[in-house]
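**Q** Just protein.cif, nothing more (mmCIF, C-alpha atoms):
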data_final
loop_
_atom_site.group_PDB
_atom_site.id
_atom_site.type_symbol
_atom_site.label_atom_id
_atom_site.label_comp_id
_atom_site.auth_asym_id
_atom_site.auth_seq_id
_atom_site.Cartn_x
_atom_site.Cartn_y
_atom_site.Cartn_z
ATOM 1 C CA SER A 1 91.191 71.601 77.346
ATOM 2 C CA SER A 2 90.246 69.546 80.382
ATOM 3 C CA LEU A 3 89.078 72.638 82.263
ATOM 4 C CA GLU A 4 86.675 73.567 79.486
ATOM 5 C CA ARG A 5 85.293 70.016 79.402
ATOM 6 C CA ALA A 6 84.869 70.050 83.187
ATOM 7 C CA LYS A 7 83.056 73.390 82.986
ATOM 8 C CA ILE A 8 80.763 72.101 80.239
ATOM 9 C CA ARG A 9 80.070 68.947 82.273
ATOM 10 C CA GLN A 10 79.197 71.023 85.328
ATOM 11 C CA ASP A 11 76.939 73.298 83.280
ATOM 12 C CA GLU A 12 75.145 70.191 82.030
ATOM 13 C CA ASP A 13 74.847 68.888 85.617
ATOM 14 C CA ILE A 14 73.368 72.203 86.739
ATOM 15 C CA SER A 15 70.897 72.110 83.874
ATOM 16 C CA GLU A 16 69.877 68.532 84.769
ATOM 17 C CA LEU A 17 69.396 69.458 88.421
ATOM 18 C CA ARG A 18 67.204 72.398 87.454
ATOM 19 C CA LYS A 19 65.086 70.121 85.261
ATOM 20 C CA GLU A 20 64.803 67.610 88.095
ATOM 21 C CA LEU A 21 63.754 70.367 90.500
ATOM 22 C CA GLY A 22 61.074 71.491 88.041
ATOM 23 C CA THR A 23 59.802 67.925 87.686
ATOM 24 C CA VAL A 24 59.627 67.483 91.456
ATOM 25 C CA GLN A 25 57.727 70.750 91.850
ATOM 26 C CA ILE A 26 55.207 69.698 89.201
ATOM 27 C CA ARG A 27 54.704 66.288 90.857
ATOM 28 C CA HIS A 28 54.108 67.940 94.242
ATOM 29 C CA LYS A 29 51.566 70.334 92.735
ATOM 30 C CA GLU A 30 49.696 67.390 91.182
ATOM 31 C CA GLU A 31 49.644 65.517 94.491
ATOM 32 C CA LEU A 32 48.362 68.611 96.269
ATOM 33 C CA TYR A 33 45.631 69.006 93.631
ATOM 34 C CA TRP A 34 44.386 65.430 94.157
ATOM 35 C CA ILE A 35 44.399 65.824 97.926
ATOM 36 C CA ARG A 36 42.303 68.980 97.644
ATOM 37 C CA MET A 37 39.881 67.190 95.309
ATOM 38 C CA GLU A 38 39.463 64.355 97.809
ATOM 39 C CA LEU A 39 38.837 66.816 100.630
ATOM 40 C CA ASP A 40 36.258 68.721 98.555
ATOM 41 C CA ASN A 41 34.433 65.456 97.764
ATOM 42 C CA ALA A 42 34.273 64.552 101.456
ATOM 43 C CA LYS A 43 32.868 67.993 102.281
ATOM 44 C CA ARG A 44 30.187 67.651 99.568
ATOM 45 C CA ASP A 45 29.174 64.216 100.881
ATOM 46 C CA LYS A 46 28.785 65.629 104.365
ATOM 47 C CA GLU A 47 26.705 68.544 103.105
ATOM 48 C CA ASN A 48 24.441 66.155 101.133
ATOM 49 C CA ILE A 49 23.741 64.018 104.198
ATOM 50 C CA GLU A 50 23.009 67.082 106.307
ATOM 51 C CA SER A 51 20.648 68.334 103.608
ATOM 52 C CA ARG A 52 18.821 64.975 103.484
ATOM 53 C CA MET A 53 18.417 65.049 107.264
ATOM 54 C CA LYS A 54 16.882 68.529 107.146
ATOM 55 C CA ILE A 55 14.459 67.476 104.402
ATOM 56 C CA LEU A 56 13.399 64.390 106.373
ATOM 57 C CA GLU A 57 12.907 66.407 109.564
ATOM 58 C CA ARG A 58 10.810 68.980 107.683
ATOM 59 C CA LYS A 59 8.742 66.219 106.058
ATOM 60 C CA LEU A 60 8.199 64.589 109.444
ATOM 61 C CA LYS A 61 7.010 67.891 110.920
ATOM 62 C CA GLU A 62 4.720 68.533 107.945
ATOM 63 C CA ASP A 63 3.213 65.037 108.153
ATOM 64 C CA SER A 64 2.683 65.262 111.881
ATOM 65 C CA THR A 65 1.053 68.706 111.525
ATOM 66 C CA THR A 66 -1.180 67.461 108.689
ATOM 67 C CA GLU A 67 -2.181 64.365 110.635
ATOM 68 C CA GLU A 68 -2.959 66.392 113.756
ATOM 69 C CA SER A 69 -5.114 68.895 111.902
ATOM 70 C CA SER A 70 -6.996 66.301 109.787
ATOM 71 C CA SER A 71 -7.870 63.961 112.592
ATOM 72 C CA ALA A 72 -7.792 65.912 115.782
ATOM 73 C CA GLY A 73 -9.636 63.914 118.407
ATOM 74 C CA SER A 74 -9.846 60.682 116.419
ATOM 75 C CA ASP A 75 -9.883 57.636 118.660
ATOM 76 C CA ASP A 76 -9.874 55.050 115.873
ATOM 77 C CA PRO A 77 -7.360 52.278 116.757
ATOM 78 C CA GLU A 78 -6.336 51.824 113.116
ATOM 79 C CA TYR A 79 -5.643 55.515 112.844
ATOM 80 C CA VAL A 80 -3.491 55.443 115.975
ATOM 81 C CA THR A 81 -1.660 52.337 114.711
ATOM 82 C CA GLY A 82 -1.050 54.040 111.358
ATOM 83 C CA LEU A 83 0.369 57.098 113.102
ATOM 84 C CA GLN A 84 2.558 54.912 115.276
ATOM 85 C CA SER A 85 3.789 53.107 112.174
ATOM 86 C CA LYS A 86 4.641 56.422 110.466
ATOM 87 C CA VAL A 87 6.389 57.692 113.580
ATOM 88 C CA SER A 88 8.349 54.453 113.804
ATOM 89 C CA LYS A 89 9.246 54.643 110.100
ATOM 90 C CA TYR A 90 10.408 58.270 110.389
ATOM 91 C CA SER A 91 12.291 57.489 113.567
ATOM 92 C CA ARG A 92 14.170 54.707 111.771
ATOM 93 C CA GLN A 93 14.952 57.048 108.871
ATOM 94 C CA VAL A 94 16.171 59.724 111.269
ATOM 95 C CA THR A 95 18.283 57.157 113.112
ATOM 96 C CA ILE A 96 19.746 55.905 109.836
ATOM 97 C CA LEU A 97 20.507 59.436 108.672
ATOM 98 C CA GLU A 98 22.045 60.311 112.036
ATOM 99 C CA GLU A 99 24.241 57.206 111.808
ATOM 100 C CA GLN A 100 25.194 58.087 108.236
ATOM 101 C CA SER A 101 25.921 61.633 109.291
ATOM 102 C CA SER A 102 27.998 60.423 112.208
ATOM 103 C CA MET A 103 29.885 58.021 109.934
ATOM 104 C CA MET A 104 30.442 60.778 107.366
ATOM 105 C CA GLU A 105 31.693 63.153 110.043
ATOM 106 C CA GLN A 106 34.067 60.480 111.330
ATOM 107 C CA GLN A 107 35.180 59.671 107.789
ATOM 108 C CA HIS A 108 35.569 63.379 107.047
ATOM 109 C CA SER A 109 37.591 63.805 110.221
ATOM 110 C CA ASP A 110 39.745 60.780 109.385
ATOM 111 C CA ASN A 111 40.202 61.948 105.788
ATOM 112 C CA THR A 112 41.116 65.440 106.917
ATOM 113 C CA LYS A 113 43.629 64.073 109.418
ATOM 114 C CA SER A 114 45.054 61.687 106.824
ATOM 115 C CA LEU A 115 45.234 64.407 104.185
ATOM 116 C CA LYS A 116 46.931 66.794 106.594
ATOM 117 C CA GLU A 117 49.507 64.136 107.451
ATOM 118 C CA GLU A 118 49.993 63.291 103.790
ATOM 119 C CA LEU A 119 50.293 66.957 102.893
ATOM 120 C CA GLY A 120 52.800 67.437 105.717
ATOM 121 C CA ASN A 121 54.834 64.494 104.455
ATOM 122 C CA ILE A 122 54.696 65.819 100.907
ATOM 123 C CA MET A 123 55.787 69.258 102.029
ATOM 124 C CA ASP A 124 58.630 67.763 104.107
ATOM 125 C CA SER A 125 59.709 65.670 101.152
ATOM 126 C CA LYS A 126 59.489 68.671 98.853
ATOM 127 C CA VAL A 127 61.502 70.855 101.203
ATOM 128 C CA HIS A 128 64.199 68.212 101.665
ATOM 129 C CA MET A 129 64.425 67.530 97.946
ATOM 130 C CA GLU A 130 64.553 71.230 97.084
ATOM 131 C CA MET A 131 67.212 71.824 99.723
ATOM 132 C CA ASP A 132 69.233 68.902 98.408
ATOM 133 C CA LEU A 133 68.943 70.141 94.831
ATOM 134 C CA LEU A 134 69.768 73.703 95.838
ATOM 135 C CA ASN A 135 72.800 72.459 97.768
ATOM 136 C CA GLN A 136 73.924 70.502 94.724
ATOM 137 C CA LEU A 137 73.421 73.596 92.562
ATOM 138 C CA ALA A 138 75.413 75.713 94.998
ATOM 139 C CA THR A 139 78.208 73.135 95.056
ATOM 140 C CA LEU A 140 78.296 72.992 91.267
ATOM 141 C CA ASP A 141 78.255 76.782 91.035
ATOM 142 C CA ALA A 142 81.172 76.975 93.471
ATOM 143 C CA LYS A 143 83.122 74.352 91.481
ATOM 144 C CA ASN A 144 82.274 76.227 88.304
ATOM 145 C CA GLN A 145 83.671 79.453 89.763
ATOM 146 C CA GLU A 146 86.813 77.631 90.923
ATOM 147 C CA LEU A 147 87.300 76.219 87.431
ATOM 148 C CA GLU A 148 86.833 79.659 85.877
ATOM 149 C CA ILE A 149 89.409 81.158 88.237
ATOM 150 C CA GLU A 150 91.813 78.288 87.574
ATOM 151 C CA PHE A 151 91.250 78.622 83.822
ATOM 152 C CA LYS A 152 91.904 82.385 83.948
ATOM 153 C CA GLU A 153 95.052 81.834 86.019
ATOM 154 C CA GLN A 154 96.329 79.292 83.491
ATOM 155 C CA LEU A 155 95.586 81.688 80.643
ATOM 156 C CA GLU A 156 97.384 84.507 82.441
ATOM 157 C CA TYR A 157 100.321 82.193 83.163
ATOM 158 C CA LYS A 158 100.525 81.113 79.521
ATOM 159 C CA ASP A 159 100.232 84.725 78.360
ATOM 160 C CA SER A 160 103.081 85.765 80.648
ATOM 161 C CA LYS A 161 105.185 82.824 79.395
ATOM 162 C CA LEU A 162 104.537 83.899 75.832
ATOM 163 C CA ARG A 163 105.543 87.483 76.662
ATOM 164 C CA ASP A 164 108.675 86.222 78.391
ATOM 165 C CA LEU A 165 109.522 84.082 75.393
ATOM 166 C CA LYS A 166 108.928 87.000 73.078
ATOM 167 C CA PHE A 167 111.698 88.992 74.663
ATOM 168 C CA ASN A 168 114.996 87.327 75.397
ATOM 169 C CA SER A 169 117.252 88.348 78.232
ATOM 170 C CA SER A 170 118.882 91.117 76.177
ATOM 171 C CA GLY A 171 115.527 92.679 75.358
ATOM 172 C CA THR A 172 115.494 91.825 71.665
ATOM 173 C CA ASP A 173 112.317 90.603 70.065
ATOM 174 C CA ILE A 174 112.275 86.961 69.174
ATOM 175 C CA SER A 175 109.504 85.935 66.846
ATOM 176 C CA LEU A 176 107.292 83.017 67.669
ATOM 177 C CA LEU A 177 108.593 81.212 64.619
ATOM 178 C CA SER A 178 112.146 81.218 65.914
ATOM 179 C CA VAL A 179 110.901 79.955 69.328
ATOM 180 C CA GLU A 180 108.991 77.182 67.607
ATOM 181 C CA LYS A 181 112.048 76.261 65.499
ATOM 182 C CA LYS A 182 114.173 76.213 68.601
ATOM 183 C CA ASN A 183 111.654 73.997 70.374
ATOM 184 C CA GLN A 184 111.550 71.660 67.389
ATOM 185 C CA GLN A 185 115.322 71.366 67.306
ATOM 186 C CA ASP A 186 115.463 70.490 70.989
#
As C-alpha coordinates, how would this structure be written, given the file I've shared?

**A**
Amino acid sequence: SSLERAKIRQDEDISELRKELGTVQIRHKEELYWIRMELDNAKRDKENIESRMKILERKLKEDSTTEESSSAGSDDPEYVTGLQSKVSKYSRQVTILEEQSSMMEQQHSDNTKSLKEELGNIMDSKVHMEMDLLNQLATLDAKNQELEIEFKEQLEYKDSKLRDLKFNSSGTDISLLSVEKKNQQD
(Lines of atoms letter the chains of each structure in order from A and count residues from 1; the text may use other names and numbers.)
(Lines give C-alpha, C1' and ligand atoms only; values in the text may rest on other atoms or scores of the structure.)
Protein backbone atom coordinates (compact mmCIF):
# COMPACT_ATOMS: atom_id res chain seq x y z
CA SER A 1 0.00 0.00 0.00
CA SER A 2 1.02 3.64 -0.16
CA LEU A 3 1.88 3.69 3.55
CA GLU A 4 4.28 0.78 3.15
CA ARG A 5 5.95 2.48 0.17
CA ALA A 6 6.26 5.72 2.15
CA LYS A 7 7.80 3.83 5.07
CA ILE A 8 10.27 2.07 2.77
CA ARG A 9 11.16 5.41 1.15
CA GLN A 10 11.77 6.98 4.54
CA ASP A 11 13.89 4.03 5.66
CA GLU A 12 15.97 4.49 2.51
CA ASP A 13 16.27 8.23 3.22
CA ILE A 14 17.44 7.51 6.76
CA SER A 15 19.99 5.04 5.45
CA GLU A 16 21.27 7.60 2.91
CA LEU A 17 21.57 10.28 5.59
CA ARG A 18 23.54 7.92 7.82
CA LYS A 19 25.90 7.14 4.94
CA GLU A 20 26.31 10.85 4.23
CA LEU A 21 27.06 11.52 7.90
CA GLY A 22 29.71 8.79 7.86
CA THR A 23 31.28 10.25 4.72
CA VAL A 24 31.38 13.73 6.25
CA GLN A 25 32.99 12.39 9.42
CA ILE A 26 35.67 10.59 7.40
CA ARG A 27 36.40 13.73 5.34
CA HIS A 28 36.76 15.81 8.52
CA LYS A 29 39.14 13.26 10.03
CA GLU A 30 41.29 13.37 6.88
CA GLU A 31 41.40 17.17 6.94
CA LEU A 32 42.37 17.13 10.60
CA TYR A 33 45.14 14.60 9.85
CA TRP A 34 46.66 16.84 7.15
CA ILE A 35 46.50 19.90 9.38
CA ARG A 36 48.34 18.03 12.13
CA MET A 37 50.97 16.87 9.62
CA GLU A 38 51.54 20.45 8.48
CA LEU A 39 51.89 21.64 12.07
CA ASP A 40 54.36 18.84 12.88
CA ASN A 41 56.47 19.77 9.83
CA ALA A 42 56.59 23.42 10.93
CA LYS A 43 57.69 22.37 14.42
CA ARG A 44 60.46 20.15 12.99
CA ASP A 45 61.72 23.00 10.78
CA LYS A 46 61.89 25.29 13.78
CA GLU A 47 63.76 22.70 15.83
CA ASN A 48 66.27 22.16 12.98
CA ILE A 49 67.05 25.88 12.75
CA GLU A 50 67.47 26.14 16.50
CA SER A 51 69.80 23.14 16.42
CA ARG A 52 71.90 24.69 13.63
CA MET A 53 72.18 27.91 15.63
CA LYS A 54 73.43 26.03 18.69
CA ILE A 55 76.01 24.15 16.61
CA LEU A 56 77.26 27.39 15.04
CA GLU A 57 77.50 29.12 18.42
CA ARG A 58 79.43 26.17 19.87
CA LYS A 59 81.76 26.12 16.85
CA LEU A 60 82.34 29.86 17.20
CA LYS A 61 83.21 29.45 20.88
CA GLU A 62 85.52 26.52 20.13
CA ASP A 63 87.31 28.43 17.36
CA SER A 64 87.71 31.53 19.48
CA THR A 65 89.06 29.46 22.40
CA THR A 66 91.47 27.60 20.09
CA GLU A 67 92.67 30.82 18.49
CA GLU A 68 93.19 32.48 21.87
CA SER A 69 95.18 29.58 23.27
CA SER A 70 97.33 29.03 20.14
CA SER A 71 98.31 32.62 19.62
CA ALA A 72 97.98 34.39 22.89
CA GLY A 73 99.91 37.64 22.65
CA SER A 74 100.44 37.55 18.89
CA ASP A 75 100.66 41.01 17.40
CA ASP A 76 100.94 39.91 13.78
CA PRO A 77 98.64 42.11 11.62
CA GLU A 78 97.76 39.22 9.31
CA TYR A 79 96.78 37.13 12.29
CA VAL A 80 94.55 39.91 13.62
CA THR A 81 93.02 40.41 10.16
CA GLY A 82 92.37 36.67 9.88
CA LEU A 83 90.65 36.66 13.27
CA GLN A 84 88.59 39.67 12.30
CA SER A 85 87.60 37.93 9.08
CA LYS A 86 86.53 34.79 11.00
CA VAL A 87 84.59 36.87 13.51
CA SER A 88 82.90 38.73 10.67
CA LYS A 89 82.09 35.45 8.89
CA TYR A 90 80.63 33.89 12.06
CA SER A 91 78.73 37.06 12.82
CA ARG A 92 77.14 36.95 9.37
CA GLN A 93 76.25 33.28 9.85
CA VAL A 94 74.75 34.02 13.26
CA THR A 95 72.80 36.94 11.80
CA ILE A 96 71.54 34.77 8.95
CA LEU A 97 70.52 31.99 11.33
CA GLU A 98 68.82 34.48 13.65
CA GLU A 99 66.90 35.89 10.68
CA GLN A 100 65.98 32.38 9.55
CA SER A 101 64.93 31.51 13.07
CA SER A 102 62.88 34.68 13.32
CA MET A 103 61.26 33.95 9.95
CA MET A 104 60.55 30.36 10.98
CA GLU A 105 59.04 31.49 14.27
CA GLN A 106 56.85 33.99 12.41
CA GLN A 107 55.91 31.36 9.84
CA HIS A 108 55.24 28.86 12.62
CA SER A 109 53.10 31.42 14.41
CA ASP A 110 51.23 32.26 11.21
CA ASN A 111 50.78 28.57 10.36
CA THR A 112 49.55 27.80 13.86
CA LYS A 113 47.09 30.69 13.73
CA SER A 114 45.94 29.68 10.25
CA LEU A 115 45.61 26.03 11.24
CA LYS A 116 43.65 26.94 14.36
CA GLU A 117 41.28 29.06 12.29
CA GLU A 118 40.97 26.33 9.68
CA LEU A 119 40.40 23.71 12.35
CA GLY A 120 37.78 25.95 13.97
CA ASN A 121 36.03 26.38 10.63
CA ILE A 122 36.16 22.65 10.00
CA MET A 123 34.76 21.90 13.43
CA ASP A 124 31.99 24.50 12.95
CA SER A 125 31.17 23.02 9.57
CA LYS A 126 31.21 19.52 11.01
CA VAL A 127 28.96 20.48 13.90
CA HIS A 128 26.48 22.25 11.63
CA MET A 129 26.41 19.39 9.15
CA GLU A 130 26.01 16.78 11.89
CA MET A 131 23.23 18.81 13.50
CA ASP A 132 21.50 19.18 10.15
CA LEU A 133 21.79 15.46 9.44
CA LEU A 134 20.64 14.55 12.94
CA ASN A 135 17.67 16.89 12.59
CA GLN A 136 16.80 15.27 9.28
CA LEU A 137 17.11 11.84 10.89
CA ALA A 138 14.88 12.91 13.77
CA THR A 139 12.30 14.30 11.34
CA LEU A 140 12.34 11.10 9.30
CA ASP A 141 12.07 8.99 12.45
CA ALA A 142 9.08 11.05 13.59
CA LYS A 143 7.41 10.68 10.17
CA ASN A 144 8.19 6.98 10.25
CA GLN A 145 6.49 6.64 13.64
CA GLU A 146 3.48 8.61 12.39
CA LEU A 147 3.21 6.32 9.38
CA GLU A 148 3.44 3.23 11.59
CA ILE A 149 0.68 4.56 13.85
CA GLU A 150 -1.46 5.47 10.85
CA PHE A 151 -0.82 2.06 9.29
CA LYS A 152 -1.78 0.28 12.53
CA GLU A 153 -4.93 2.40 12.84
CA GLN A 154 -5.92 1.52 9.27
CA LEU A 155 -5.30 -2.16 9.96
CA GLU A 156 -7.37 -2.00 13.13
CA TYR A 157 -10.13 -0.16 11.26
CA LYS A 158 -10.14 -2.76 8.48
CA ASP A 159 -10.11 -5.59 11.02
CA SER A 160 -13.10 -4.09 12.83
CA LYS A 161 -14.92 -3.65 9.49
CA LEU A 162 -14.26 -7.28 8.67
CA ARG A 163 -15.58 -8.35 12.09
CA ASP A 164 -18.65 -6.17 11.61
CA LEU A 165 -19.23 -7.67 8.19
CA LYS A 166 -18.81 -11.15 9.58
CA PHE A 167 -21.78 -10.74 11.85
CA ASN A 168 -24.95 -9.21 10.51
CA SER A 169 -27.36 -7.24 12.62
CA SER A 170 -29.15 -10.38 13.83
CA GLY A 171 -25.92 -11.93 15.05
CA THR A 172 -25.71 -14.69 12.46
CA ASP A 173 -22.40 -15.51 10.87
CA ILE A 174 -22.03 -14.44 7.30
CA SER A 175 -19.12 -15.98 5.48
CA LEU A 176 -16.70 -13.84 3.57
CA LEU A 177 -17.76 -15.54 0.37
CA SER A 178 -21.34 -14.37 0.73
CA VAL A 179 -20.09 -10.80 1.47
CA GLU A 180 -17.91 -10.92 -1.62
CA LYS A 181 -20.82 -12.23 -3.74
CA LYS A 182 -23.02 -9.49 -2.40
CA ASN A 183 -20.38 -6.88 -3.19
CA GLN A 184 -20.00 -8.28 -6.70
CA GLN A 185 -23.74 -8.14 -7.31
CA ASP A 186 -23.91 -4.52 -6.22

**Q** Give me the residues within 7 Å of Glu50 in chain A as a PyMOL selection string, counting only C-alpha atoms and dropping any in the same chain fewer than 4 places off.

**A** chain A and resi 46+54+101

**Q** Please, what distance in Å, to one decimal, runs between CA of Leu115 in chain A and CA of Lys29 in chain A?

**A**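 Between CA of Leu115 in chain A and CA of Lys29 in chain A the gap is 14.4 Å.
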
**Q** I'd like the interatomic distance between CA of Arg52 in chain A and CA of Glu38 in chain A, to a tenth of an Å.

**A**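 It comes out at 21.4 Å.
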
**Q** Could you tell me which residues the PyMOL selection byres ((chain A and resi 10-24) around 10) grabs in this file, written as a PyMOL selection string?

**A** chain A and resi 4-9+25-30+125-126+129-134+136-141+143-144+147

**Q** Just C-alpha atoms for this one: save the residues we selected as an mmCIF file, in the frame of the given file.

**A**
data_model
loop_
_atom_site.group_PDB
_atom_site.id
_atom_site.type_symbol
_atom_site.label_atom_id
_atom_site.label_comp_id
_atom_site.auth_asym_id
_atom_site.auth_seq_id
_atom_site.Cartn_x
_atom_site.Cartn_y
_atom_site.Cartn_z
ATOM 1 C CA GLU A 4 86.675 73.567 79.486
ATOM 2 C CA ARG A 5 85.293 70.016 79.402
ATOM 3 C CA ALA A 6 84.869 70.050 83.187
ATOM 4 C CA LYS A 7 83.056 73.390 82.986
ATOM 5 C CA ILE A 8 80.763 72.101 80.239
ATOM 6 C CA ARG A 9 80.070 68.947 82.273
ATOM 7 C CA GLN A 25 57.727 70.750 91.850
ATOM 8 C CA ILE A 26 55.207 69.698 89.201
ATOM 9 C CA ARG A 27 54.704 66.288 90.857
ATOM 10 C CA HIS A 28 54.108 67.940 94.242
ATOM 11 C CA LYS A 29 51.566 70.334 92.735
ATOM 12 C CA GLU A 30 49.696 67.390 91.182
ATOM 13 C CA SER A 125 59.709 65.670 101.152
ATOM 14 C CA LYS A 126 59.489 68.671 98.853
ATOM 15 C CA MET A 129 64.425 67.530 97.946
ATOM 16 C CA GLU A 130 64.553 71.230 97.084
ATOM 17 C CA MET A 131 67.212 71.824 99.723
ATOM 18 C CA ASP A 132 69.233 68.902 98.408
ATOM 19 C CA LEU A 133 68.943 70.141 94.831
ATOM 20 C CA LEU A 134 69.768 73.703 95.838
ATOM 21 C CA GLN A 136 73.924 70.502 94.724
ATOM 22 C CA LEU A 137 73.421 73.596 92.562
ATOM 23 C CA ALA A 138 75.413 75.713 94.998
ATOM 24 C CA THR A 139 78.208 73.135 95.056
ATOM 25 C CA LEU A 140 78.296 72.992 91.267
ATOM 26 C CA ASP A 141 78.255 76.782 91.035
ATOM 27 C CA LYS A 143 83.122 74.352 91.481
ATOM 28 C CA ASN A 144 82.274 76.227 88.304
ATOM 29 C CA LEU A 147 87.300 76.219 87.431
#

**Q** Which residues are close to Leu97 in chain A, i.e. within 10 Å by all atoms listed in the file, leaving aside same-chain residues fewer than 5 positions away? Reply as a list in words.

**A**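 Answer for this query is Ile49, Glu50, Arg52, Met53, Lys54, Leu56, Ser91, Arg92, Ser102 and Met103 of chain A.
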
**Q** Record the distance separating CA of Lys61 in chain A and CA of Asp45 in chain A, expressed in Å with one decimal.

**A**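 It comes out at 24.6 Å.
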
**Q** Name the residues in contact with Arg36 in chain A at a cut-off of 12 Å, using all atoms listed in the file, excluding same-chain residues fewer than 2 positions from it; report them as number ranges by chain.

**A** A: 29-34, 38-43, 111-112, 115-116, 118-119

**Q** For each of A:Ile55, A:Glu156, A:Lys161, A:Asp110, take the minimum atom-to-atom distance to Val94 in chain A, counting all atoms listed in the file, then give the residue where this is smallest.

**A**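 Among the listed residues, A:Ile55 lies closest to Val94 in chain A.
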
**Q** Output as JSON the centre and edge lengths (Å, one decimal) of the box along x, y and z of the file that holds every listed atom of range 134-140 of chain A after adding 8 Å on each side.

**A**
{"center_x": 74.0, "center_y": 73.1, "center_z": 94.5, "size_x": 24.5, "size_y": 21.2, "size_z": 22.5}

**Q** Identify which of the residues A:Leu60, A:Phe151, A:Glu98, A:Met123 lies closest to Ser1 in chain A, counting all atoms listed in the file when measuring atom-to-atom distances.

**A**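 Counting all atoms listed in the file, the residue closest to Ser1 in chain A is A:Phe151.
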
**Q** Starting from the sparse input, extend range 73-91 of chain A to N, CA and C atoms and give the output as a PDB file, in the frame of the given file.

**A**
ATOM      1  N   GLY A  73      -8.614  64.533 117.564  1.00  0.00           N
ATOM      2  CA  GLY A  73      -9.636  63.914 118.407  1.00  0.00           C
ATOM      3  C   GLY A  73     -10.074  62.553 117.920  1.00  0.00           C
ATOM      4  N   SER A  74      -9.455  62.006 116.915  1.00  0.00           N
ATOM      5  CA  SER A  74      -9.846  60.682 116.419  1.00  0.00           C
ATOM      6  C   SER A  74      -9.336  59.627 117.372  1.00  0.00           C
ATOM      7  N   ASP A  75     -10.252  58.718 117.742  1.00  0.00           N
ATOM      8  CA  ASP A  75      -9.883  57.636 118.660  1.00  0.00           C
ATOM      9  C   ASP A  75      -9.831  56.294 117.945  1.00  0.00           C
ATOM     10  N   ASP A  76      -9.868  56.285 116.653  1.00  0.00           N
ATOM     11  CA  ASP A  76      -9.874  55.050 115.873  1.00  0.00           C
ATOM     12  C   ASP A  76      -8.551  54.320 116.091  1.00  0.00           C
ATOM     13  N   PRO A  77      -8.590  53.026 116.507  1.00  0.00           N
ATOM     14  CA  PRO A  77      -7.360  52.278 116.757  1.00  0.00           C
ATOM     15  C   PRO A  77      -6.496  52.118 115.499  1.00  0.00           C
ATOM     16  N   GLU A  78      -7.120  51.964 114.347  1.00  0.00           N
ATOM     17  CA  GLU A  78      -6.336  51.824 113.116  1.00  0.00           C
ATOM     18  C   GLU A  78      -5.584  53.129 112.812  1.00  0.00           C
ATOM     19  N   TYR A  79      -6.267  54.214 113.080  1.00  0.00           N
ATOM     20  CA  TYR A  79      -5.643  55.515 112.844  1.00  0.00           C
ATOM     21  C   TYR A  79      -4.423  55.702 113.756  1.00  0.00           C
ATOM     22  N   VAL A  80      -4.582  55.337 115.007  1.00  0.00           N
ATOM     23  CA  VAL A  80      -3.491  55.443 115.975  1.00  0.00           C
ATOM     24  C   VAL A  80      -2.354  54.510 115.567  1.00  0.00           C
ATOM     25  N   THR A  81      -2.676  53.306 115.143  1.00  0.00           N
ATOM     26  CA  THR A  81      -1.660  52.337 114.711  1.00  0.00           C
ATOM     27  C   THR A  81      -0.927  52.867 113.478  1.00  0.00           C
ATOM     28  N   GLY A  82      -1.662  53.465 112.557  1.00  0.00           N
ATOM     29  CA  GLY A  82      -1.050  54.040 111.358  1.00  0.00           C
ATOM     30  C   GLY A  82      -0.075  55.156 111.713  1.00  0.00           C
ATOM     31  N   LEU A  83      -0.513  56.017 112.658  1.00  0.00           N
ATOM     32  CA  LEU A  83       0.369  57.098 113.102  1.00  0.00           C
ATOM     33  C   LEU A  83       1.615  56.542 113.780  1.00  0.00           C
ATOM     34  N   GLN A  84       1.409  55.523 114.602  1.00  0.00           N
ATOM     35  CA  GLN A  84       2.558  54.912 115.276  1.00  0.00           C
ATOM     36  C   GLN A  84       3.515  54.304 114.256  1.00  0.00           C
ATOM     37  N   SER A  85       2.968  53.701 113.226  1.00  0.00           N
ATOM     38  CA  SER A  85       3.789  53.107 112.174  1.00  0.00           C
ATOM     39  C   SER A  85       4.598  54.185 111.446  1.00  0.00           C
ATOM     40  N   LYS A  86       3.938  55.320 111.132  1.00  0.00           N
ATOM     41  CA  LYS A  86       4.641  56.422 110.466  1.00  0.00           C
ATOM     42  C   LYS A  86       5.734  56.991 111.366  1.00  0.00           C
ATOM     43  N   VAL A  87       5.396  57.165 112.644  1.00  0.00           N
ATOM     44  CA  VAL A  87       6.389  57.692 113.580  1.00  0.00           C
ATOM     45  C   VAL A  87       7.577  56.742 113.664  1.00  0.00           C
ATOM     46  N   SER A  88       7.272  55.450 113.735  1.00  0.00           N
ATOM     47  CA  SER A  88       8.349  54.453 113.804  1.00  0.00           C
ATOM     48  C   SER A  88       9.204  54.490 112.534  1.00  0.00           C
ATOM     49  N   LYS A  89       8.541  54.586 111.384  1.00  0.00           N
ATOM     50  CA  LYS A  89       9.246  54.643 110.100  1.00  0.00           C
ATOM     51  C   LYS A  89      10.152  55.879 110.049  1.00  0.00           C
ATOM     52  N   TYR A  90       9.609  57.043 110.407  1.00  0.00           N
ATOM     53  CA  TYR A  90      10.408  58.270 110.389  1.00  0.00           C
ATOM     54  C   TYR A  90      11.529  58.219 111.424  1.00  0.00           C
ATOM     55  N   SER A  91      11.253  57.619 112.542  1.00  0.00           N
ATOM     56  CA  SER A  91      12.291  57.489 113.567  1.00  0.00           C
ATOM     57  C   SER A  91      13.451  56.652 113.046  1.00  0.00           C
TER      58      SER A  91
END
